[in-house]
Amino acid sequence: MSTVAQTLSGPQPNIFMPRVAEIVRAKQVTATEKHFTLKMKDGQPMTFEPGQMLEVSVFGFGEIPIGYASSPTRTQTFDIVVRKVGRVSSAIAALEQGQSLYVRGPLGHGFPLDKLRGHDILIVAGGIGLCPTRSLINYILDRRSEFNKFTLFFGVKTPQEQLFLEDLALWRKSTDVAYYETVDRADQSWKGNVGVITTLFKKVSIDPGTRVIICGPPVMYKFVIAELDGIGVPRSNIYVDLERRMKCGIGKCGHCQINDKYVCLDGPVFCYKDIENLEEAFR
Amino acid sequence: MNPSSYFLKEADFDSFVEGMMKTAPVFAPVAKKNWFVFSPISSPKEVRLDYDLTILPPKKAIFPVRQDLVAFGPEGAESALKPEPRILFGVHFYDIKAIDMLDLLFRENNVDWNYLAQRESTTIVGSNIQKVAKRAFWATVGKGVKPHGHDAFITKVLGGYVFDVLTPKGEKLLASGKFKPATPAQVEEAAKINTEIMDKCPEKLTHGSHEIAAKVRATFKSKLWDELSHTCFSCGTCNIVCPTCYCFDVQDNWNLDQASGQRARAWDGCLLEDFAKVSLGAGACENFREHRGQRYRHRLMRKAAYLNDKLGGPACVGCGRCSTQCVPDIADPVRIIETIMES
């Protein structure tokens with residue numbers, strides 16, 4: 001090991017020091033989710049890759065990890081979606097346009113764009129798994145020629161839980177993405193597919209050479225991966241975006257560990273092949 | 001810098017400590033009831049270099065139990081990073097190894113100056129082990145990992161102390177005491193003392209680090225973990241007393257004025273029930289290590305297997321603190337590892 005003395009002298013930046021972001025737009029999009037469009041107060045653009053995340057905070061309440069919900073190709077502002085579940089998320093959800101919050105990021109590793117370019121893409125998003133994947137979806141749509149066939153599956157429990165309704169309306173009509181959606185439980189307003197997200201695999205033919213991105217509730221992964229195994233998609237072409245308790249976001253605090261990996265540092269996006277043998281990755 | 005050895009007469013020890021205290025606060029082992037603790041001292045008489053083991057490891061002088069990270073108020077936020085010069089005196093070699101591991105872990109990937117700034121402001125003086133703790137096994141754990149990163153080392157010999165200077169920071173301490181160059185005989189005596197102590201550990205691992213790491217990792221799905229953790233209280237004591245544990249929680253705290261406060265970190269432990277728990281909303285939650293067997297296993301994986309490639313050996317230094325302080329006495333790494341090796 002090298003000595004600490006070797007790092008002596010020079011500035012000692014505090015990695016926990018957040019920056020101020022102003023709320024350009026705030027919109028309650030479901031009963032529990034609020035969509036924020038943010039801009040850095042210092043005027044600097046927020047540079048990040050789809051799939052990366054940031055720690056968002058309100059002082060006096062705390063910090064939580066949230067994925068970027070907008071594409072880095074849209075540089076003026078960036079988006080996050082907050083689900084109101086606890087103390088910190090409730091404090092964030094209480095904020096409105098014109099107020100500000102604190103952010104630290106970008107953190108972690110996002111989707112491997114270099115390995116996705118030039119290939120067919122399938123994104124499987126469950127519930128608020130659409131938030132971080134929306135960053136990649138809009139990235140692909142903004143640079144459509146760099147990717148081949150693009151298919152998107154989106155599933156929620158009930159129609160009321162659908163997010164980004166304006167995006168969904170666009171994607172339904174778009175010829176740039178083959179968009180399929182489902183709900184676990186329909187109501188009278190719902191005319192579409194009913195069933196868990198894997199029922200969408202019957203609707204479309206997926207080429208075994210497709211690069212697949214999965215993001216959703218913990219229970220969803222093994223069922224989607226079983227479908228992909230059936231199609232013959234190699235596990236080295238499957239990427240999963242995982243959630244854990246990422247308290248520090250910098251690979252120190254230990255809460256987000258999956259065996260010897262830190263989700264906030266090595267992920268949150270992992271190649272499935274790299275973690276399929278980690279006992280703690282899936283349930 | 002080549003080590004150079006000096007001699008300090010027994011009678012000059014107190015004036016040396018007093019001299020150091022004039023340059024910076026000194027943290028040293030002191031008696032507390034029938035235990036020892038590392039504590040800031042106000043008199044050289046408090047120093048007990050004959051301690052066997054301290055309740056908490058000396059890492060607390062660098063990585064405190066609770067540490068402010070950011071101060072906030074109505075006007076905004078500012079960094080709470082305020083390192084102070086400090087002398088950490090009388091550290092046994094196993095705790096030096098542990099601090100060296102933390103140095104690497106806080107520096108790798110994302111540099112955390114909230115640890116490193118205080119580390120760099122700290123001068124570490126090691127000391128030889130005069131009394132062996134009853135559950136110590138430092139002689140047989142991570143033998144390939146040598147103590148490193150300390151600035152000086154003091155060894156009690158006949159009539160005084162041999163003081164080895166290892167870094168420029170250690171050399172500065174010479175000005176605080178009446179040192180003379182050590183004689184070859186004194187240097188030899190100190191070396192002999194530090195070698196002979198290695199045969200005095202009451203507990204022993206019977207396998208090497210690589211072999212242990214491979215076998216422990218391969219037992220991940222074994223029923224042993226549930227069996228061994230059957231009486232675990234999930235109290236986290238094994239984490240809190242460990243010199244190589246560095247997990248922490250981050251919390252915001254308000255001052256009484258309800259307008260300002262601090263974002264602070266505090267030691268946390270992977271044995272605690274909610275360590276890996278996330279909220280899903282509507283009262284639901286997902287606990288990624290729900291059962292105590294899973295948490296108990298995670299600690300040992302971290303100590304014996306996961307970090308070995310980075311650290312060059314296990315993330316355990318054999319101090320025996322967890323073994324001593326675990327209430328149901330199920331945390332002893334020697335017993336766990338020996339059970340696994342025999343399984």
# chains A, B, ... in the order shown; residues from 1 in each chain; ligands from 1
call {"tool": "interface_residues", "arguments": {"of": "chain B", "to": "chain A", "cutoff": "7 Å", "atoms": "only C-alpha atoms", "output": "compact mmCIF listing (two decimals) with N, CA and C atoms, in the first residue's frame"}}
result
# COMPACT_ATOMS: atom_id res chain seq x y z
N LEU B 69 -20.12 16.76 8.39
CA LEU B 69 -19.61 16.81 7.02
C LEU B 69 -19.86 18.18 6.40
N VAL B 70 -21.08 18.67 6.58
CA VAL B 70 -21.48 19.95 6.01
C VAL B 70 -22.30 20.69 7.05
N PHE B 72 -25.08 23.67 7.66
CA PHE B 72 -26.05 24.42 6.87
C PHE B 72 -26.78 25.44 7.72
N SER B 79 -18.55 23.57 4.01
CA SER B 79 -17.87 22.34 4.42
C SER B 79 -17.50 22.40 5.90
N ASP B 103 -6.96 3.97 5.33
CA ASP B 103 -6.33 5.00 4.48
C ASP B 103 -6.58 4.66 3.01
N PHE B 106 -10.54 4.83 2.09
CA PHE B 106 -11.10 6.18 1.96
C PHE B 106 -10.46 6.96 0.81
N ASN B 110 -13.17 7.36 -4.95
CA ASN B 110 -13.54 8.74 -4.63
C ASN B 110 -12.81 9.14 -3.36
N ASP B 112 -12.02 10.70 -0.08
CA ASP B 112 -12.83 11.29 0.98
C ASP B 112 -11.94 12.04 1.97
N TRP B 113 -11.84 13.34 1.74
CA TRP B 113 -10.99 14.17 2.59
C TRP B 113 -11.54 14.31 4.00
N ASN B 114 -12.81 13.99 4.20
CA ASN B 114 -13.35 14.06 5.55
C ASN B 114 -12.63 13.07 6.46
N GLU B 120 -4.01 12.93 7.66
CA GLU B 120 -2.73 13.58 7.36
C GLU B 120 -2.28 14.50 8.48
N GLY B 149 2.55 2.94 7.56
CA GLY B 149 1.84 4.21 7.62
C GLY B 149 2.01 4.97 8.92
N CYS B 247 -18.16 1.41 7.73
CA CYS B 247 -19.49 1.79 7.24
C CYS B 247 -20.07 2.89 8.12
N PHE B 248 -20.85 3.75 7.48
CA PHE B 248 -21.44 4.85 8.25
C PHE B 248 -22.81 5.23 7.70
N ASP B 249 -23.55 5.93 8.52
CA ASP B 249 -24.85 6.47 8.12
C ASP B 249 -24.66 7.98 7.98
N VAL B 250 -25.47 8.60 7.13
CA VAL B 250 -25.43 10.06 7.00
C VAL B 250 -26.79 10.61 7.40
N GLN B 251 -26.79 11.55 8.33
CA GLN B 251 -28.05 12.11 8.83
C GLN B 251 -27.93 13.61 8.94
N ASP B 252 -29.05 14.30 8.75
CA ASP B 252 -29.09 15.75 8.99
C ASP B 252 -29.61 16.01 10.40
N ASN B 253 -28.98 16.93 11.07
CA ASN B 253 -29.41 17.28 12.43
C ASN B 253 -29.62 18.78 12.54
N TRP B 254 -30.74 19.18 13.12
CA TRP B 254 -31.02 20.60 13.32
C TRP B 254 -30.38 21.08 14.62
N GLY B 261 -27.93 23.73 11.12
CA GLY B 261 -27.65 22.37 11.58
C GLY B 261 -26.47 21.78 10.85
N PHE B 275 -29.86 -2.10 8.08
CA PHE B 275 -28.69 -1.59 7.36
C PHE B 275 -28.91 -1.55 5.84
N ALA B 276 -29.55 -2.58 5.29
CA ALA B 276 -29.72 -2.66 3.82
C ALA B 276 -31.19 -2.51 3.43
N LYS B 277 -31.97 -1.89 4.30
CA LYS B 277 -33.41 -1.79 4.06
C LYS B 277 -33.75 -0.52 3.28
N VAL B 278 -34.60 -0.66 2.28
CA VAL B 278 -35.09 0.53 1.57
C VAL B 278 -36.61 0.57 1.66
N SER B 279 -37.13 1.77 1.67
CA SER B 279 -38.58 1.96 1.72
C SER B 279 -39.16 1.86 0.32
N LEU B 280 -40.30 1.25 0.21
CA LEU B 280 -40.98 1.16 -1.09
C LEU B 280 -42.23 2.04 -1.10
N GLY B 281 -42.52 2.66 0.02
CA GLY B 281 -43.72 3.49 0.09
C GLY B 281 -44.89 2.71 0.62
N ALA B 282 -45.89 3.45 1.10
CA ALA B 282 -47.11 2.87 1.66
C ALA B 282 -46.79 1.84 2.75
N TYR B 306 -13.91 -10.59 0.76
CA TYR B 306 -14.22 -9.58 -0.27
C TYR B 306 -13.11 -8.56 -0.53
call {"tool": "residues_around", "arguments": {"residues": "range 41-52 of chain A", "least_positions_apart": "5", "cutoff": "7 Å", "atoms": "only C-alpha atoms", "output": "ChimeraX atom specification"}}
result
/A:20-22,67-68,71-72,75-76,106-111,132-133,135-136,269
call {"tool": "write_last_selection", "arguments": {"atoms": "C-alpha atoms", "output": "short mmCIF file (atom, residue, chain, number, x, y, z; two decimals), in the first residue's frame"}}
result
data_model
loop_
_atom_site.label_atom_id
_atom_site.label_comp_id
_atom_site.auth_asym_id
_atom_site.auth_seq_id
_atom_site.Cartn_x
_atom_site.Cartn_y
_atom_site.Cartn_z
CA VAL A 20 -27.66 24.23 -5.43
CA ALA A 21 -30.17 23.34 -8.16
CA GLU A 22 -33.18 25.56 -8.88
CA GLY A 67 -31.49 8.55 -11.20
CA TYR A 68 -31.49 11.22 -13.87
CA SER A 71 -31.41 12.71 -21.49
CA PRO A 72 -28.00 14.43 -21.38
CA THR A 75 -28.50 20.22 -21.84
CA GLN A 76 -30.37 23.26 -20.54
CA PRO A 106 -23.26 12.55 -11.29
CA LEU A 107 -22.52 9.34 -9.39
CA GLY A 108 -21.93 5.75 -10.45
CA HIS A 109 -21.81 4.06 -13.82
CA GLY A 110 -24.63 4.43 -16.33
CA PHE A 111 -25.72 2.47 -19.39
CA PRO A 132 -33.84 6.31 -15.10
CA THR A 133 -34.57 4.52 -18.38
CA SER A 135 -32.86 9.18 -19.79
CA LEU A 136 -31.69 6.45 -22.16
CA VAL A 269 -26.11 -0.31 -14.08
#
call {"tool": "closest_residue", "arguments": {"among": "B:Pro64, B:Pro147, B:Pro29, B:Gly126", "to": "Ala266 in chain B", "atoms": "only C-alpha atoms"}}
result
B:Pro64
call {"tool": "residues_around", "arguments": {"residues": "range 192-202 of chain A", "least_positions_apart": "4", "cutoff": "7 Å", "atoms": "only C-alpha atoms", "output": "count of residues only"}}
result
9
call {"tool": "select_by_dssp", "arguments": {"residues": "range 212-310 of chain B", "states": "alpha helix (DSSP H)", "output": "list of chain:residue names"}}
result
B:Ile212, B:Ala213, B:Ala214, B:Lys215, B:Val216, B:Arg217, B:Ala218, B:Leu224, B:Trp225, B:Asp226, B:Glu227, B:Leu228, B:Thr237, B:Cys238, B:Asn239, B:Ile240, B:Arg292, B:Gly293, B:Gln294, B:Arg295, B:Tyr296, B:Arg297, B:His298, B:Arg299, B:Leu300, B:Met301, B:Asn308, B:Asp309, B:Lys310
call {"tool": "write_last_selection", "arguments": {"atoms": "N, CA and C atoms", "output": "PDB file, in the first residue's frame"}}
result
ATOM      1  N   ILE B 212      -8.242 -19.514   3.356  1.00  0.00           N
ATOM      2  CA  ILE B 212      -9.430 -19.118   4.124  1.00  0.00           C
ATOM      3  C   ILE B 212     -10.400 -18.354   3.230  1.00  0.00           C
ATOM      4  N   ALA B 213      -9.874 -17.396   2.455  1.00  0.00           N
ATOM      5  CA  ALA B 213     -10.743 -16.573   1.609  1.00  0.00           C
ATOM      6  C   ALA B 213     -11.523 -17.445   0.631  1.00  0.00           C
ATOM      7  N   ALA B 214     -10.828 -18.395   0.013  1.00  0.00           N
ATOM      8  CA  ALA B 214     -11.484 -19.248  -0.986  1.00  0.00           C
ATOM      9  C   ALA B 214     -12.562 -20.115  -0.343  1.00  0.00           C
ATOM     10  N   LYS B 215     -12.243 -20.702   0.798  1.00  0.00           N
ATOM     11  CA  LYS B 215     -13.212 -21.597   1.447  1.00  0.00           C
ATOM     12  C   LYS B 215     -14.405 -20.811   1.994  1.00  0.00           C
ATOM     13  N   VAL B 216     -14.129 -19.676   2.632  1.00  0.00           N
ATOM     14  CA  VAL B 216     -15.216 -18.852   3.179  1.00  0.00           C
ATOM     15  C   VAL B 216     -16.158 -18.416   2.051  1.00  0.00           C
ATOM     16  N   ARG B 217     -15.573 -17.941   0.940  1.00  0.00           N
ATOM     17  CA  ARG B 217     -16.411 -17.466  -0.175  1.00  0.00           C
ATOM     18  C   ARG B 217     -17.264 -18.610  -0.720  1.00  0.00           C
ATOM     19  N   ALA B 218     -16.680 -19.813  -0.751  1.00  0.00           N
ATOM     20  CA  ALA B 218     -17.385 -20.974  -1.308  1.00  0.00           C
ATOM     21  C   ALA B 218     -18.500 -21.490  -0.399  1.00  0.00           C
ATOM     22  N   LEU B 224     -24.471 -23.240   7.605  1.00  0.00           N
ATOM     23  CA  LEU B 224     -23.655 -22.838   8.756  1.00  0.00           C
ATOM     24  C   LEU B 224     -23.960 -21.428   9.247  1.00  0.00           C
ATOM     25  N   TRP B 225     -24.212 -20.537   8.321  1.00  0.00           N
ATOM     26  CA  TRP B 225     -24.402 -19.132   8.696  1.00  0.00           C
ATOM     27  C   TRP B 225     -25.624 -18.956   9.592  1.00  0.00           C
ATOM     28  N   ASP B 226     -26.693 -19.662   9.240  1.00  0.00           N
ATOM     29  CA  ASP B 226     -27.891 -19.583  10.082  1.00  0.00           C
ATOM     30  C   ASP B 226     -27.629 -20.248  11.431  1.00  0.00           C
ATOM     31  N   GLU B 227     -26.904 -21.353  11.392  1.00  0.00           N
ATOM     32  CA  GLU B 227     -26.617 -22.058  12.649  1.00  0.00           C
ATOM     33  C   GLU B 227     -25.737 -21.217  13.575  1.00  0.00           C
ATOM     34  N   LEU B 228     -24.661 -20.655  12.993  1.00  0.00           N
ATOM     35  CA  LEU B 228     -23.714 -19.878  13.816  1.00  0.00           C
ATOM     36  C   LEU B 228     -24.339 -18.586  14.352  1.00  0.00           C
ATOM     37  N   THR B 237     -22.465  -4.736  17.801  1.00  0.00           N
ATOM     38  CA  THR B 237     -21.265  -4.500  18.611  1.00  0.00           C
ATOM     39  C   THR B 237     -19.998  -4.934  17.868  1.00  0.00           C
ATOM     40  N   CYS B 238     -20.069  -6.083  17.177  1.00  0.00           N
ATOM     41  CA  CYS B 238     -18.890  -6.576  16.452  1.00  0.00           C
ATOM     42  C   CYS B 238     -18.415  -5.558  15.420  1.00  0.00           C
ATOM     43  N   ASN B 239     -19.375  -4.818  14.798  1.00  0.00           N
ATOM     44  CA  ASN B 239     -19.002  -3.781  13.837  1.00  0.00           C
ATOM     45  C   ASN B 239     -18.386  -2.569  14.538  1.00  0.00           C
ATOM     46  N   ILE B 240     -19.031  -2.166  15.623  1.00  0.00           N
ATOM     47  CA  ILE B 240     -18.646  -0.914  16.281  1.00  0.00           C
ATOM     48  C   ILE B 240     -17.252  -1.003  16.905  1.00  0.00           C
ATOM     49  N   ARG B 292     -30.801 -12.476  10.008  1.00  0.00           N
ATOM     50  CA  ARG B 292     -29.537 -12.218  10.720  1.00  0.00           C
ATOM     51  C   ARG B 292     -28.404 -13.082  10.185  1.00  0.00           C
ATOM     52  N   GLY B 293     -28.729 -14.274   9.702  1.00  0.00           N
ATOM     53  CA  GLY B 293     -27.697 -15.134   9.112  1.00  0.00           C
ATOM     54  C   GLY B 293     -27.043 -14.455   7.912  1.00  0.00           C
ATOM     55  N   GLN B 294     -27.850 -13.732   7.138  1.00  0.00           N
ATOM     56  CA  GLN B 294     -27.317 -13.014   5.963  1.00  0.00           C
ATOM     57  C   GLN B 294     -26.398 -11.880   6.389  1.00  0.00           C
ATOM     58  N   ARG B 295     -26.779 -11.195   7.460  1.00  0.00           N
ATOM     59  CA  ARG B 295     -25.960 -10.069   7.936  1.00  0.00           C
ATOM     60  C   ARG B 295     -24.670 -10.574   8.598  1.00  0.00           C
ATOM     61  N   TYR B 296     -24.815 -11.626   9.358  1.00  0.00           N
ATOM     62  CA  TYR B 296     -23.671 -12.252  10.036  1.00  0.00           C
ATOM     63  C   TYR B 296     -22.659 -12.758   8.997  1.00  0.00           C
ATOM     64  N   ARG B 297     -23.188 -13.347   7.937  1.00  0.00           N
ATOM     65  CA  ARG B 297     -22.339 -13.841   6.843  1.00  0.00           C
ATOM     66  C   ARG B 297     -21.647 -12.675   6.138  1.00  0.00           C
ATOM     67  N   HIS B 298     -22.380 -11.597   5.909  1.00  0.00           N
ATOM     68  CA  HIS B 298     -21.798 -10.466   5.190  1.00  0.00           C
ATOM     69  C   HIS B 298     -20.573  -9.910   5.920  1.00  0.00           C
ATOM     70  N   ARG B 299     -20.671  -9.801   7.247  1.00  0.00           N
ATOM     71  CA  ARG B 299     -19.524  -9.294   8.007  1.00  0.00           C
ATOM     72  C   ARG B 299     -18.303 -10.184   7.796  1.00  0.00           C
ATOM     73  N   LEU B 300     -18.494 -11.477   7.893  1.00  0.00           N
ATOM     74  CA  LEU B 300     -17.330 -12.344   7.767  1.00  0.00           C
ATOM     75  C   LEU B 300     -16.786 -12.376   6.343  1.00  0.00           C
ATOM     76  N   MET B 301     -17.684 -12.278   5.354  1.00  0.00           N
ATOM     77  CA  MET B 301     -17.234 -12.197   3.956  1.00  0.00           C
ATOM     78  C   MET B 301     -16.353 -10.956   3.774  1.00  0.00           C
ATOM     79  N   ASN B 308      -9.836  -8.776   0.192  1.00  0.00           N
ATOM     80  CA  ASN B 308      -8.464  -9.295   0.199  1.00  0.00           C
ATOM     81  C   ASN B 308      -7.616  -8.832  -0.988  1.00  0.00           C
ATOM     82  N   ASP B 309      -8.226  -8.783  -2.183  1.00  0.00           N
ATOM     83  CA  ASP B 309      -7.437  -8.380  -3.351  1.00  0.00           C
ATOM     84  C   ASP B 309      -6.938  -6.945  -3.210  1.00  0.00           C
ATOM     85  N   LYS B 310      -7.795  -6.089  -2.686  1.00  0.00           N
ATOM     86  CA  LYS B 310      -7.415  -4.686  -2.520  1.00  0.00           C
ATOM     87  C   LYS B 310      -6.363  -4.499  -1.435  1.00  0.00           C
TER      88      LYS B 310
END
call {"tool": "select_by_dssp", "arguments": {"residues": "range 7-228 of chain A", "states": "strand (DSSP E)", "output": "PyMOL selection string"}}
result
chain A and resi 19-28+33-40+53-58+62-67+78-83+100-107+121-126+150-156+178-183+193-194+211-215
call {"tool": "residues_around", "arguments": {"residues": "Ile66 in chain A", "least_positions_apart": "3", "cutoff": "9 Å", "atoms": "only C-alpha atoms", "output": "JSON, numbers by chain"}}
result
{"A": [52, 53, 54, 55, 56, 69, 80, 81, 82, 132]}
call {"tool": "residues_around", "arguments": {"residues": "Ala190 in chain B", "least_positions_apart": "4", "cutoff": "8 Å", "atoms": "only C-alpha atoms", "output": "ChimeraX atom specification"}}
result
/B:155-157,162,186,194
call {"tool": "residues_around", "arguments": {"residues": "Thr206 in chain B", "least_positions_apart": "3", "cutoff": "10 Å", "atoms": "only C-alpha atoms", "output": "short mmCIF file (atom, residue, chain, number, x, y, z; two decimals) with N, CA and C atoms, in the first residue's frame"}}
result
data_model
loop_
_atom_site.label_atom_id
_atom_site.label_comp_id
_atom_site.auth_asym_id
_atom_site.auth_seq_id
_atom_site.Cartn_x
_atom_site.Cartn_y
_atom_site.Cartn_z
N THR B 140 -1.48 -14.69 13.65
CA THR B 140 -1.74 -15.66 12.57
C THR B 140 -2.71 -15.15 11.51
N VAL B 141 -3.09 -13.88 11.57
CA VAL B 141 -4.02 -13.35 10.56
C VAL B 141 -3.29 -12.38 9.64
N GLU B 203 -5.11 -17.21 20.69
CA GLU B 203 -5.89 -17.85 19.62
C GLU B 203 -5.09 -17.87 18.33
N SER B 209 -4.29 -16.98 4.52
CA SER B 209 -5.34 -16.06 4.06
C SER B 209 -6.02 -16.49 2.77
N ILE B 212 -8.24 -19.51 3.36
CA ILE B 212 -9.43 -19.12 4.12
C ILE B 212 -10.40 -18.35 3.23
N VAL B 334 -11.86 -16.39 14.63
CA VAL B 334 -11.08 -17.64 14.66
C VAL B 334 -12.04 -18.83 14.72
N ILE B 337 -14.04 -19.10 11.39
CA ILE B 337 -13.21 -19.56 10.27
C ILE B 337 -12.78 -21.01 10.47
N GLU B 338 -12.40 -21.36 11.68
CA GLU B 338 -11.99 -22.75 11.92
C GLU B 338 -13.16 -23.71 11.69
N MET B 341 -13.49 -24.01 7.96
CA MET B 341 -12.40 -24.78 7.36
C MET B 341 -12.57 -26.28 7.63
#
call {"tool": "residues_around", "arguments": {"residues": "Gly209 in chain A", "least_positions_apart": "6", "cutoff": "9 Å", "atoms": "only C-alpha atoms", "output": "ChimeraX atom specification"}}
result
/A:119-120,232-234,237
call {"tool": "decode", "arguments": {"residues": "range 49-100 of chain A", "atoms": "C-alpha atoms", "output": "compact mmCIF listing (two decimals), in the first residue's frame"}}
result
# COMPACT_ATOMS: atom_id res chain seq x y z
CA GLU A 49 -24.65 9.76 -18.77
CA PRO A 50 -28.02 7.98 -18.89
CA GLY A 51 -28.26 5.61 -15.95
CA GLN A 52 -26.07 7.65 -13.62
CA MET A 53 -27.63 9.12 -10.52
CA LEU A 54 -27.27 11.88 -8.02
CA GLU A 55 -27.84 12.41 -4.33
CA VAL A 56 -30.67 14.90 -3.89
CA SER A 57 -31.21 16.65 -0.59
CA VAL A 58 -33.03 19.19 1.46
CA PHE A 59 -30.88 20.34 4.38
CA GLY A 60 -32.31 19.33 7.71
CA PHE A 61 -33.96 16.26 6.20
CA GLY A 62 -31.24 14.36 4.37
CA GLU A 63 -30.12 12.96 1.05
CA ILE A 64 -31.54 10.24 -1.22
CA PRO A 65 -30.17 8.69 -4.42
CA ILE A 66 -32.20 9.37 -7.56
CA GLY A 67 -31.49 8.55 -11.20
CA TYR A 68 -31.49 11.22 -13.87
CA ALA A 69 -34.83 11.04 -15.70
CA SER A 70 -33.84 13.21 -18.65
CA SER A 71 -31.41 12.71 -21.49
CA PRO A 72 -28.00 14.43 -21.38
CA THR A 73 -28.65 15.42 -24.99
CA ARG A 74 -31.03 18.03 -23.58
CA THR A 75 -28.50 20.22 -21.84
CA GLN A 76 -30.37 23.26 -20.54
CA THR A 77 -32.05 21.47 -17.67
CA PHE A 78 -32.27 17.99 -16.16
CA ASP A 79 -35.12 16.01 -14.64
CA ILE A 80 -35.69 13.87 -11.59
CA VAL A 81 -38.82 12.11 -10.36
CA VAL A 82 -39.34 11.69 -6.64
CA ARG A 83 -41.67 9.11 -5.11
CA LYS A 84 -42.93 10.31 -1.76
CA VAL A 85 -42.18 7.47 0.65
CA GLY A 86 -40.19 8.77 3.61
CA ARG A 87 -38.80 11.79 5.41
CA VAL A 88 -36.42 13.03 2.74
CA SER A 89 -38.60 12.29 -0.28
CA SER A 90 -41.55 14.00 1.43
CA ALA A 91 -39.43 17.10 2.06
CA ILE A 92 -38.38 17.14 -1.61
CA ALA A 93 -41.94 16.51 -2.80
CA ALA A 94 -43.12 19.55 -0.83
CA LEU A 95 -40.95 21.86 -2.96
CA GLU A 96 -42.37 23.91 -5.84
CA GLN A 97 -41.17 25.86 -8.86
CA GLY A 98 -38.84 28.73 -7.90
CA GLN A 99 -37.49 26.94 -4.83
CA SER A 100 -34.20 25.10 -4.79
